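Peer 1: Structure provided below as structure tokens; questions to follow.
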Amino acid sequence: LYLPFFQDLFGVSMVVPLMNLHIKSLGASHTVAGIIGSLYGVMQLFSSTFVGCWSDIVGRQYSLLACILLSALGYFLLGTSTTVLLFAISRVPVGIFKHTLSISKALLSDLVSERDRPLVMGRFNAASSVGFILGPVVGGYLAELEGGFYQTSFICASIFLLNGGLVWMLPWNEENTGRWEHQDKGTNSFSAKANYDLHLKSAANRAVTNNNVFQSPWIQVATVLKKIKGIACSNLWDIFLVRFLMSVAILLYYSNFTLALEERFGVKPLFSGYLTSYSSALGVLAGCLLGPITRLYQHNTYRILLHSSTFTCTLILLYASALNIWMVILSSTFLAFSTTIGRTCIIDLELTVGGNEASGTLLGVGQSVTSVGRIIAPLLSGISQEFSPCGPPSLAVGLALVAILIMNANKQKYCSHGNVKLKNQ
């Protein structure tokens, strides 16, 4: 199940680092390149919630397959972009439908019990990190060849088409879902009751999907809007606010990382690149350690999130006040663990509190929250850098502290038998 998702990120990470160079080679100014780059983020912001909710209505297979094929179309158009206009057009289908990761996470949450979800999500994030580590290396090698960007884009489109075939052939029936659970028992044993509940949920979801996939598009749109309204009127605001604050804090940490190291310690960009790759590799290891960590905390996701966020805040403070490069390496080493664990826990918390029935909608809203952070973080980073190279991480510490205070203030709202869940109102 992890293979299509690894290939997805591997293909994307081959192309994305080369885009700025390609659009500038087409004659675009820095301003035009920035506008087109922002176009993708804006479309992701508005489409992620709708696509995630749509996956709840028509089912994971149909929505995931549609997103993969339309993303493949976008990267194919990118491979034929010989003008700035064609380049901008190619970003439209990708910006609207490149939500394969969110739908994949919703699919994984459908297949596993609530108790085992953090472990599976951790493995998913580990597979994602491996794709991000290997993709830029292969893309950089292909870029050295004549017409390398076009070849890389076509390879990425081909990978998406391959993933579409894999998703089409994935075992979606109840029998094979049970087999997958049985294979996982060697490391994470499900109780008989959990297996039975999962089978019932799978059968119910298939029945709903078979009815909804053939509904009128207008009925589907009305259902999507109704689900989004339900999420907007729920009491999940504190979880999404914590996600927003921590996302902006981490983005601020990375926003001027290379430039700050050069100004503060005279470190060359090549070393910064190695340090970033080193942190990504440690993120893979952190994803694999989530199983022992959740057992240590007795599957109390809220406590793990609170402690990992506190640790993240401390490490960013250590980086902002670092006196030498070794303190930076130390903070980067442990930050790779805390951010990976925190990212997994906030997703699990959203699904636990909001309920698996709307997992696609919840993950879509969470992705929109992160997209807002991606839009705001560069602006905050630019303003804070006017005062000091340590401005962005110092501001990040303040935002992380606010998130920690919010979690502490709402601590009594969560907790039941070691698992985080919403109390009855």
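Residue numbering restarts at 1 in every chain; chains get A, B, ... in the order shown in the structure tokens, and ligands count up from 1 in that same order.
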Please identify every residue of stretch 73-93 of chain A that has at least one atom no farther than 9 Å from an atom of stretch 21-37 of chain A, counting only C-alpha atoms, and for each give the shortest atom pair and the distance in Å to one decimal, arranged by chain then increasing number, as a tab-separated table.
Peer 2:
residue	atom	partner	partner_atom	distance
A:Thr82	CA	A:Leu26	CA	7.0
A:Thr83	CA	A:Leu26	CA	6.0
A:Val84	CA	A:Leu26	CA	6.2
A:Phe87	CA	A:Ile23	CA	7.4
A:Ala88	CA	A:Ile36	CA	6.2
A:Arg91	CA	A:Ile36	CA	8.2
Peer 1: Dump all heavy atoms for the selected residues as a short mmCIF file (atom, residue, chain, number, x, y, z; two decimals), in the first residue's frame?
Peer 2:
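Now in selection30.cif:
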data_model
loop_
_atom_site.label_atom_id
_atom_site.label_comp_id
_atom_site.auth_asym_id
_atom_site.auth_seq_id
_atom_site.Cartn_x
_atom_site.Cartn_y
_atom_site.Cartn_z
N THR A 82 6.68 25.11 -23.43
CA THR A 82 7.78 25.85 -24.08
C THR A 82 7.58 27.36 -23.95
O THR A 82 8.40 28.13 -24.44
CB THR A 82 7.87 25.46 -25.55
OG1 THR A 82 6.59 25.66 -26.17
CG2 THR A 82 8.28 24.00 -25.70
N THR A 83 6.48 27.77 -23.30
CA THR A 83 6.22 29.19 -23.05
C THR A 83 5.76 29.35 -21.60
O THR A 83 5.34 28.38 -20.95
CB THR A 83 5.15 29.76 -23.99
OG1 THR A 83 3.89 29.12 -23.71
CG2 THR A 83 5.52 29.53 -25.45
N VAL A 84 5.81 30.58 -21.12
CA VAL A 84 5.38 30.86 -19.75
C VAL A 84 3.89 30.56 -19.58
O VAL A 84 3.45 30.04 -18.55
CB VAL A 84 5.68 32.32 -19.38
CG1 VAL A 84 5.12 32.66 -18.00
CG2 VAL A 84 7.18 32.58 -19.42
N PHE A 87 3.33 26.90 -19.19
CA PHE A 87 3.80 26.51 -17.87
C PHE A 87 2.72 26.81 -16.83
O PHE A 87 2.43 25.97 -15.95
CB PHE A 87 5.09 27.26 -17.53
CG PHE A 87 5.72 26.84 -16.24
CD1 PHE A 87 6.73 25.90 -16.21
CD2 PHE A 87 5.30 27.41 -15.04
CE1 PHE A 87 7.31 25.52 -15.00
CE2 PHE A 87 5.87 27.04 -13.84
CZ PHE A 87 6.89 26.09 -13.82
N ALA A 88 2.12 28.01 -16.90
CA ALA A 88 1.07 28.38 -15.95
C ALA A 88 -0.15 27.48 -16.08
O ALA A 88 -0.72 27.05 -15.07
CB ALA A 88 0.68 29.85 -16.16
N ARG A 91 0.07 24.09 -14.38
CA ARG A 91 -0.02 24.06 -12.92
C ARG A 91 -1.46 24.01 -12.42
O ARG A 91 -1.70 23.72 -11.25
CB ARG A 91 0.68 25.30 -12.33
CG ARG A 91 2.14 25.42 -12.68
CD ARG A 91 2.92 24.20 -12.23
NE ARG A 91 3.04 24.15 -10.79
CZ ARG A 91 3.30 23.04 -10.12
NH1 ARG A 91 3.40 21.88 -10.74
NH2 ARG A 91 3.42 23.07 -8.79
#
Peer 1: For A:Val120, work out the shell of residues within 12 Å, counting only C-alpha atoms and skipping chain neighbours fewer than 2 positions away, then give it as a count of residues only.
Peer 2: 37
Peer 1: Work out how far atom CA of A:Leu161 is from atom CA of A:Asn20, in Å to one decimal.
Peer 2: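 Separating atom CA of A:Asn20 from atom CA of A:Leu161 is a distance of 24.6 Å.
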Peer 1: Take atom CA of A:Trp326 and atom CA of A:His307 and report the distance between them in Å, one decimal.
Peer 2: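 A separation of 24.2 Å between them.
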Peer 1: What's the 9 Å shell around A:Leu335, counting only C-alpha atoms, without same-chain residues fewer than 3 positions away, as a PDB file with N, CA, C and O atoms, in the first residue's frame?
Peer 2:
ATOM      1  N   SER A 279      18.640  15.695   7.912  1.00  0.00           N
ATOM      2  CA  SER A 279      17.426  15.798   8.722  1.00  0.00           C
ATOM      3  C   SER A 279      16.285  14.991   8.110  1.00  0.00           C
ATOM      4  O   SER A 279      15.510  14.349   8.833  1.00  0.00           O
ATOM      5  N   GLY A 283      14.140  11.880   9.640  1.00  0.00           N
ATOM      6  CA  GLY A 283      12.679  11.867   9.673  1.00  0.00           C
ATOM      7  C   GLY A 283      12.118  10.502   9.312  1.00  0.00           C
ATOM      8  O   GLY A 283      11.084  10.078   9.839  1.00  0.00           O
ATOM      9  N   PHE A 311       9.045  20.095  22.773  1.00  0.00           N
ATOM     10  CA  PHE A 311      10.414  19.761  22.375  1.00  0.00           C
ATOM     11  C   PHE A 311      10.803  20.541  21.119  1.00  0.00           C
ATOM     12  O   PHE A 311      11.923  21.056  21.008  1.00  0.00           O
ATOM     13  N   THR A 312       9.874  20.648  20.167  1.00  0.00           N
ATOM     14  CA  THR A 312      10.133  21.415  18.944  1.00  0.00           C
ATOM     15  C   THR A 312      10.411  22.881  19.266  1.00  0.00           C
ATOM     16  O   THR A 312      11.346  23.480  18.733  1.00  0.00           O
ATOM     17  N   LEU A 315      13.885  23.231  20.711  1.00  0.00           N
ATOM     18  CA  LEU A 315      14.948  23.042  19.721  1.00  0.00           C
ATOM     19  C   LEU A 315      15.080  24.251  18.798  1.00  0.00           C
ATOM     20  O   LEU A 315      16.196  24.630  18.414  1.00  0.00           O
ATOM     21  N   ILE A 316      13.964  24.858  18.426  1.00  0.00           N
ATOM     22  CA  ILE A 316      14.039  26.067  17.599  1.00  0.00           C
ATOM     23  C   ILE A 316      14.695  27.200  18.384  1.00  0.00           C
ATOM     24  O   ILE A 316      15.484  27.985  17.832  1.00  0.00           O
ATOM     25  N   LEU A 330      23.028  19.830  16.296  1.00  0.00           N
ATOM     26  CA  LEU A 330      22.316  19.151  17.385  1.00  0.00           C
ATOM     27  C   LEU A 330      20.819  19.435  17.324  1.00  0.00           C
ATOM     28  O   LEU A 330      19.990  18.511  17.422  1.00  0.00           O
ATOM     29  N   SER A 331      20.458  20.703  17.143  1.00  0.00           N
ATOM     30  CA  SER A 331      19.035  21.044  17.085  1.00  0.00           C
ATOM     31  C   SER A 331      18.368  20.430  15.853  1.00  0.00           C
ATOM     32  O   SER A 331      17.233  19.950  15.931  1.00  0.00           O
ATOM     33  N   SER A 332      19.062  20.407  14.706  1.00  0.00           N
ATOM     34  CA  SER A 332      18.496  19.821  13.483  1.00  0.00           C
ATOM     35  C   SER A 332      18.287  18.325  13.644  1.00  0.00           C
ATOM     36  O   SER A 332      17.317  17.764  13.120  1.00  0.00           O
ATOM     37  N   SER A 338      11.139  15.376  16.380  1.00  0.00           N
ATOM     38  CA  SER A 338       9.981  16.012  17.010  1.00  0.00           C
ATOM     39  C   SER A 338       8.948  16.478  15.982  1.00  0.00           C
ATOM     40  O   SER A 338       7.739  16.348  16.205  1.00  0.00           O
ATOM     41  N   THR A 339       9.406  17.012  14.850  1.00  0.00           N
ATOM     42  CA  THR A 339       8.452  17.495  13.843  1.00  0.00           C
ATOM     43  C   THR A 339       7.723  16.339  13.159  1.00  0.00           C
ATOM     44  O   THR A 339       6.529  16.433  12.873  1.00  0.00           O
ATOM     45  N   THR A 340       8.438  15.246  12.895  1.00  0.00           N
ATOM     46  CA  THR A 340       7.794  14.073  12.278  1.00  0.00           C
ATOM     47  C   THR A 340       6.742  13.490  13.203  1.00  0.00           C
ATOM     48  O   THR A 340       5.624  13.172  12.775  1.00  0.00           O
TER      49      THR A 340
END
Peer 1: For A:Ser38, which residue among A:Val92, A:Pro292, A:Gly364, A:Ala403 is the nearest when counting only C-alpha atoms?
Peer 2: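 When distances to A:Ser38 are compared using only C-alpha atoms, the smallest one comes from A:Val92.
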Peer 1: Give me the residues within 8 Å of A:Thr310 as a list of chain:residue names, counting only C-alpha atoms and dropping any in the same chain fewer than 4 places off.
Peer 2: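 Everything that qualifies: A:Leu306, A:Thr314, A:Ala400, A:Leu401, A:Ile404.
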Peer 1: Pull C-alpha atoms from the residues just selected and write them as a tab-separated table (two decimals), in the first residue's frame.
Peer 2:
chain	number	residue	atom	x	y	z
A	306	LEU	CA	1.97	18.28	23.62
A	314	THR	CA	12.89	24.21	22.69
A	400	ALA	CA	5.02	27.54	19.15
A	401	LEU	CA	4.63	28.81	22.72
A	404	ILE	CA	1.57	24.93	23.65
Peer 1: Which of these, A:Leu45, A:Val167, A:Leu245, A:Cys390, has the shortest distance to A:Tyr319 once you count only C-alpha atoms?
Peer 2: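 Between A:Leu45, A:Val167, A:Leu245, A:Cys390, the residue approaching A:Tyr319 most closely is A:Cys390.
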Peer 1: Just the residues within 8 Å of stretch 141-154 of chain A, please, counting only C-alpha atoms, with nothing from its chain fewer than 2 positions along; format it as a CSV table (one decimal) with C-alpha atoms, in the first residue's frame.
Peer 2:
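Saved to part27.csv:
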chain,number,residue,atom,x,y,z
A,14,MET,CA,12.3,15.2,-9.1
A,15,VAL,CA,10.5,18.0,-10.8
A,18,LEU,CA,13.8,22.4,-11.2
A,22,HIS,CA,12.9,26.2,-16.1
A,75,TYR,CA,2.9,17.0,-15.4
A,76,PHE,CA,2.5,15.9,-19.0
A,78,LEU,CA,4.5,20.7,-17.9
A,79,GLY,CA,6.7,18.5,-20.1
A,80,THR,CA,5.4,20.3,-23.2
A,137,VAL,CA,19.1,13.4,-6.6
A,138,VAL,CA,17.6,11.7,-9.6
A,139,GLY,CA,16.0,15.0,-10.9
A,156,CYS,CA,6.9,12.1,-13.4
A,157,ALA,CA,3.7,11.9,-15.5
A,158,SER,CA,4.5,8.3,-16.3
Peer 1: With a distance cut-off of 8 Å and only C-alpha atoms, select the neighbouring residues of stretch 259-267 of chain A, excluding the residue or stretch itself and same-chain residues fewer than 3 positions from it, and output the selection as a PyMOL selection string.
Peer 2: chain A and resi 256+271-272+324-325+389-390
